[in-house]
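Quick look at model00.pdb (PDB, C-alpha atoms):
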```
ATOM      1  CA  MET A   1      79.284 126.924 -85.264
ATOM      2  CA  GLN A   2      76.710 124.654 -83.690
ATOM      3  CA  LEU A   3      73.660 123.364 -85.556
ATOM      4  CA  ILE A   4      70.565 124.496 -83.638
ATOM      5  CA  VAL A   5      67.680 123.683 -85.954
ATOM      6  CA  GLU A   6      67.068 121.971 -89.251
ATOM      7  CA  GLY A   7      63.770 121.133 -90.899
ATOM      8  CA  THR A   8      60.766 122.379 -92.807
ATOM      9  CA  PHE A   9      58.870 125.368 -91.399
ATOM     10  CA  LEU A  10      55.981 127.583 -92.446
ATOM     11  CA  LEU A  11      56.479 131.209 -93.484
ATOM     12  CA  GLU A  12      54.036 133.225 -91.380
ATOM     13  CA  ARG A  13      53.179 136.911 -91.274
ATOM     14  CA  PHE A  14      52.282 139.235 -88.426
ATOM     15  CA  PRO A  15      48.845 140.757 -89.076
ATOM     16  CA  GLY A  16      48.373 144.348 -90.176
ATOM     17  CA  LYS A  17      49.990 146.697 -92.614
ATOM     18  CA  GLY A  18      53.768 146.358 -92.566
ATOM     19  CA  GLY A  19      53.613 143.047 -90.666
ATOM     20  CA  TRP A  20      56.828 141.043 -90.892
ATOM     21  CA  THR A  21      57.041 137.688 -92.631
ATOM     22  CA  PHE A  22      58.860 135.261 -90.372
ATOM     23  CA  ILE A  23      59.767 131.704 -89.444
ATOM     24  CA  LYS A  24      58.468 130.693 -86.001
ATOM     25  CA  LEU A  25      60.700 128.365 -83.984
ATOM     26  CA  PRO A  26      60.471 126.755 -80.555
ATOM     27  CA  GLY A  27      62.186 128.918 -77.933
ATOM     28  CA  LYS A  28      63.924 125.854 -76.492
ATOM     29  CA  ILE A  29      66.522 126.113 -79.283
ATOM     30  CA  ILE A  30      67.982 129.067 -77.374
ATOM     31  CA  THR A  31      69.954 127.309 -74.690
ATOM     32  CA  THR A  32      72.013 130.306 -73.579
ATOM     33  CA  GLY A  33      69.335 131.681 -71.245
ATOM     34  CA  LYS A  34      69.845 135.088 -72.810
ATOM     35  CA  ALA A  35      67.168 137.558 -73.705
ATOM     36  CA  PHE A  36      66.091 139.579 -76.731
ATOM     37  CA  GLY A  37      68.213 139.182 -79.828
ATOM     38  CA  MET A  38      70.865 137.325 -77.913
ATOM     39  CA  MET A  39      71.361 134.504 -80.362
ATOM     40  CA  LYS A  40      72.965 135.306 -83.660
ATOM     41  CA  VAL A  41      72.486 132.691 -86.358
ATOM     42  CA  SER A  42      73.692 131.901 -89.841
ATOM     43  CA  GLY A  43      72.502 129.238 -92.227
ATOM     44  CA  THR A  44      70.148 128.692 -95.134
ATOM     45  CA  ILE A  45      66.510 129.233 -95.962
ATOM     46  CA  ASP A  46      65.892 126.903 -98.897
ATOM     47  CA  ASP A  47      69.019 127.609-100.982
ATOM     48  CA  PHE A  48      69.506 131.174 -99.719
ATOM     49  CA  ALA A  49      72.546 131.472 -97.417
ATOM     50  CA  PHE A  50      72.725 134.203 -94.774
ATOM     51  CA  GLU A  51      74.898 135.268 -91.835
ATOM     52  CA  GLY A  52      74.505 137.374 -88.733
ATOM     53  CA  LYS A  53      70.728 137.355 -88.215
ATOM     54  CA  HIS A  54      69.205 137.502 -84.735
ATOM     55  CA  LEU A  55      66.443 135.274 -83.433
ATOM     56  CA  LEU A  56      63.863 137.413 -81.667
ATOM     57  CA  PRO A  57      61.438 136.513 -78.864
ATOM     58  CA  MET A  58      57.837 135.987 -79.843
ATOM     59  CA  GLY A  59      56.348 135.028 -76.497
ATOM     60  CA  ASN A  60      54.542 131.843 -75.492
ATOM     61  CA  GLY A  61      57.790 129.877 -75.719
ATOM     62  CA  PHE A  62      58.626 130.783 -79.315
ATOM     63  CA  VAL A  63      61.266 132.805 -81.145
ATOM     64  CA  PHE A  64      61.226 133.973 -84.735
ATOM     65  CA  LEU A  65      63.482 134.992 -87.571
ATOM     66  CA  PRO A  66      62.176 137.772 -89.824
ATOM     67  CA  VAL A  67      62.482 136.857 -93.520
ATOM     68  CA  ALA A  68      62.981 140.037 -95.548
ATOM     69  CA  LYS A  69      61.432 140.592 -98.950
ATOM     70  CA  PRO A  70      64.747 140.208-100.860
ATOM     71  CA  ILE A  71      65.162 136.727 -99.336
ATOM     72  CA  ARG A  72      61.556 135.768-100.095
ATOM     73  CA  LYS A  73      61.976 137.013-103.662
ATOM     74  CA  ALA A  74      65.226 135.056-104.090
ATOM     75  CA  ILE A  75      63.598 131.797-102.942
ATOM     76  CA  GLY A  76      60.221 132.521-104.592
ATOM     77  CA  LYS A  77      58.237 132.070-101.384
ATOM     78  CA  GLU A  78      55.698 134.072 -99.374
ATOM     79  CA  GLU A  79      53.428 133.695 -96.343
ATOM     80  CA  GLY A  80      51.854 130.244 -96.249
ATOM     81  CA  ASP A  81      54.713 128.526 -98.093
ATOM     82  CA  THR A  82      57.055 126.101 -96.392
ATOM     83  CA  VAL A  83      60.819 126.527 -96.381
ATOM     84  CA  LYS A  84      63.660 124.174 -95.522
ATOM     85  CA  ILE A  85      65.982 125.753 -92.990
ATOM     86  CA  THR A  86      69.346 124.973 -91.479
ATOM     87  CA  PHE A  87      70.431 127.375 -88.719
ATOM     88  CA  PHE A  88      73.724 127.462 -86.865
ATOM     89  CA  GLN A  89      74.441 129.458 -83.729
ATOM     90  CA  GLU A  90      77.247 131.907 -84.331
ATOM     91  CA  LYS A  91      79.784 132.022 -81.570
ATOM     92  CA  VAL A  92      81.443 135.202 -80.424
ATOM     93  CA  SER A  93      85.112 134.662 -79.661
ATOM     94  CA  ASP A  94      85.790 134.343 -75.943
ATOM     95  CA  LYS A  95      89.266 135.827 -76.414
ATOM     96  CA  LEU A  96      89.604 139.213 -74.715
ATOM     97  CA  PRO A  97      89.632 141.774 -77.573
ATOM     98  CA  GLN A  98      92.395 144.383 -77.519
ATOM     99  CA  GLU A  99      89.797 147.160 -77.613
ATOM    100  CA  LEU A 100      88.280 145.868 -74.374
ATOM    101  CA  ILE A 101      91.719 145.441 -72.765
ATOM    102  CA  ASP A 102      92.454 149.089 -73.628
ATOM    103  CA  CYS A 103      89.159 150.252 -72.102
ATOM    104  CA  LEU A 104      89.741 148.221 -68.957
ATOM    105  CA  ASN A 105      93.281 149.617 -68.688
ATOM    106  CA  ASP A 106      91.978 153.195 -69.043
ATOM    107  CA  ASP A 107      90.078 152.763 -65.777
ATOM    108  CA  PRO A 108      92.706 151.893 -63.133
ATOM    109  CA  GLY A 109      92.308 148.456 -61.608
ATOM    110  CA  LYS A 110      89.445 147.336 -63.861
ATOM    111  CA  LEU A 111      91.476 144.886 -65.957
ATOM    112  CA  ALA A 112      92.613 143.127 -62.792
ATOM    113  CA  LEU A 113      89.020 143.012 -61.507
ATOM    114  CA  PHE A 114      87.801 141.661 -64.842
ATOM    115  CA  LYS A 115      90.418 138.912 -64.782
ATOM    116  CA  LYS A 116      89.267 137.926 -61.261
ATOM    117  CA  LEU A 117      85.764 137.205 -62.579
ATOM    118  CA  PRO A 118      84.910 133.553 -63.177
ATOM    119  CA  LYS A 119      85.659 132.518 -66.779
ATOM    120  CA  SER A 120      81.923 132.091 -67.447
ATOM    121  CA  ASP A 121      81.297 135.721 -66.402
ATOM    122  CA  GLN A 122      84.180 136.958 -68.555
ATOM    123  CA  ASP A 123      82.800 135.014 -71.537
ATOM    124  CA  TYR A 124      79.322 136.417 -70.901
ATOM    125  CA  TRP A 125      80.589 140.022 -70.956
ATOM    126  CA  ILE A 126      82.682 139.503 -74.092
ATOM    127  CA  GLU A 127      79.733 137.962 -75.944
ATOM    128  CA  TYR A 128      77.308 140.585 -74.594
ATOM    129  CA  ILE A 129      79.525 143.437 -75.797
ATOM    130  CA  TYR A 130      80.709 142.070 -79.144
ATOM    131  CA  ARG A 131      77.651 140.310 -80.526
ATOM    132  CA  ILE A 132      76.252 143.687 -81.598
ATOM    133  CA  GLU A 133      77.535 145.688 -84.562
ATOM    134  CA  ASP A 134      76.285 149.144 -83.442
ATOM    135  CA  LEU A 135      79.279 150.987 -81.958
ATOM    136  CA  ASP A 136      77.155 153.244 -79.725
ATOM    137  CA  ILE A 137      75.452 150.246 -78.140
ATOM    138  CA  ARG A 138      78.774 148.433 -77.853
ATOM    139  CA  SER A 139      80.285 151.469 -76.091
ATOM    140  CA  ALA A 140      77.324 151.635 -73.709
ATOM    141  CA  ARG A 141      77.823 147.955 -72.890
ATOM    142  CA  ILE A 142      81.517 148.501 -72.168
ATOM    143  CA  ILE A 143      80.553 151.332 -69.810
ATOM    144  CA  LYS A 144      78.031 149.010 -68.149
ATOM    145  CA  LEU A 145      80.824 146.465 -67.617
ATOM    146  CA  LEU A 146      83.132 149.102 -66.141
ATOM    147  CA  ASP A 147      80.353 150.272 -63.802
ATOM    148  CA  SER A 148      79.604 146.699 -62.723
ATOM    149  CA  LEU A 149      83.268 146.096 -61.876
ATOM    150  CA  THR A 150      83.052 148.945 -59.351
ATOM    151  CA  ALA A 151      80.817 146.686 -57.260
ATOM    152  CA  TYR A 152      83.579 144.072 -56.897
TER
END
```
Starting from the file, give its structure as structure tokens.
Amino acid sequence: MQLIVEGTFLLERFPGKGGWTFIKLPGKIITTGKAFGMMKVSGTIDDFAFEGKHLLPMGNGFVFLPVAKPIRKAIGKEEGDTVKITFFQEKVSDKLPQELIDCLNDDPGKLALFKKLPKSDQDYWIEYIYRIEDLDIRSARIIKLLDSLTAY
């Protein structure tokens, strides 16, 4: 894992009923050039350790990490308080998962087409598909890959 940000930040809250409490960060920490929810992080907020949270776009060059009530309760902090954070970017393995090999093999010729892609494109697809836990979304992304390989 790669350290992406460390320091003291303010807990802020979106206005209105049900507004999230969050930590606002400069968008430049996302160096992957990927969009919404594309960077999964782990780390600490004060002494509270977490894994598998997504940074979300805020606009105006910022991203944010929602800080749920159980975390705020555990650290004894709310909106307006400062927190010390250490965030690491989680990496998705670039090894071709067996599940994806099986799917590519089910569609004749697709595994060969996938292997002809530049390594950077292969890595992109693997990360794009497997960084999400939801199996329906993951399946849809595999189908998107299979459809895109038709164009090659």
Between CA of Phe87 (chain A) and CA of Val41 (chain A) - distance in Å to one decimal |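 Computing the Euclidean distance for CA of Val41 (chain A) and CA of Phe87 (chain A) yields 6.2 Å.
Considering the residues A:Asn105, A:Gln98, A:Thr21, A:Asn60 and counting all atoms listed in the file, Glu79 (chain A) has its shortest atom-to-atom contact with A:Thr21.
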Would you list the contacts of Asp107 (chain A) as a compact mmCIF listing (two decimals) with C-alpha atoms, keeping the file's coordinate frame, taking every protein, DNA or RNA residue within 12 Å and counting all atoms listed in the file, but skipping same-chain residues closer than 4 positions in sequence?
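Ended up saving to selection.txt:
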```txt
# COMPACT_ATOMS: atom_id res chain seq x y z
CA LEU A 100 88.28 145.87 -74.37
CA ILE A 101 91.72 145.44 -72.76
CA ASP A 102 92.45 149.09 -73.63
CA CYS A 103 89.16 150.25 -72.10
CA LEU A 111 91.48 144.89 -65.96
CA ALA A 112 92.61 143.13 -62.79
CA LEU A 113 89.02 143.01 -61.51
CA PHE A 114 87.80 141.66 -64.84
CA ILE A 142 81.52 148.50 -72.17
CA ILE A 143 80.55 151.33 -69.81
CA LEU A 145 80.82 146.46 -67.62
CA LEU A 146 83.13 149.10 -66.14
CA ASP A 147 80.35 150.27 -63.80
CA LEU A 149 83.27 146.10 -61.88
CA THR A 150 83.05 148.94 -59.35
```
Gly80 (chain A): which residues within 10 Å, counting all atoms listed in the file, same-chain residues fewer than 4 positions away excluded, as JSON, numbers by chain?
-> {"A": [9, 10, 11, 12, 13, 21]}
For Leu65 (chain A), which residue out of A:Ala49, A:Pro97, A:Ile23, A:Ile29 is the nearest one, using all atoms listed in the file?
-> A:Ile23
Excluding Lys53 (chain A) and any residue of its chain fewer than 4 positions from it, enumerate the residues within 9 Å of it, using all atoms listed in the file, and give them as an NGL selection string.
-> :A and (37 or 39-42 or 65-66)
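Considering the residues A:Phe14, A:Leu96, A:Glu90, A:Arg72 and counting all atoms listed in the file, Met58 (chain A) has its shortest atom-to-atom contact with A:Phe14.
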Compile the contact shell of Leu25 (chain A) as an NGL selection string: residues with an atom at most 7 Å away, counting only C-alpha atoms, same-chain residues fewer than 6 positions apart removed.
-> :A and (62-64)
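Put simply, CA of Gln89 (chain A) is 25.3 Å away from CA of Lys144 (chain A).
Comparing the minimum interatomic distances between Gly43 (chain A) and each of A:Asp81, A:Glu6, A:Asp121, A:Glu99, counting only C-alpha atoms, we find that A:Glu6 sits nearest.
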What does the distance between CA of His54 (chain A) and CA of Arg131 (chain A) come to in Å, to one decimal place?
-> 9.8 Å
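Restricting the calculation to all atoms listed in the file, the smallest distance between Lys95 (chain A) and any of A:Lys116, A:Tyr130, A:Glu78, A:Val83 is found for A:Tyr130.
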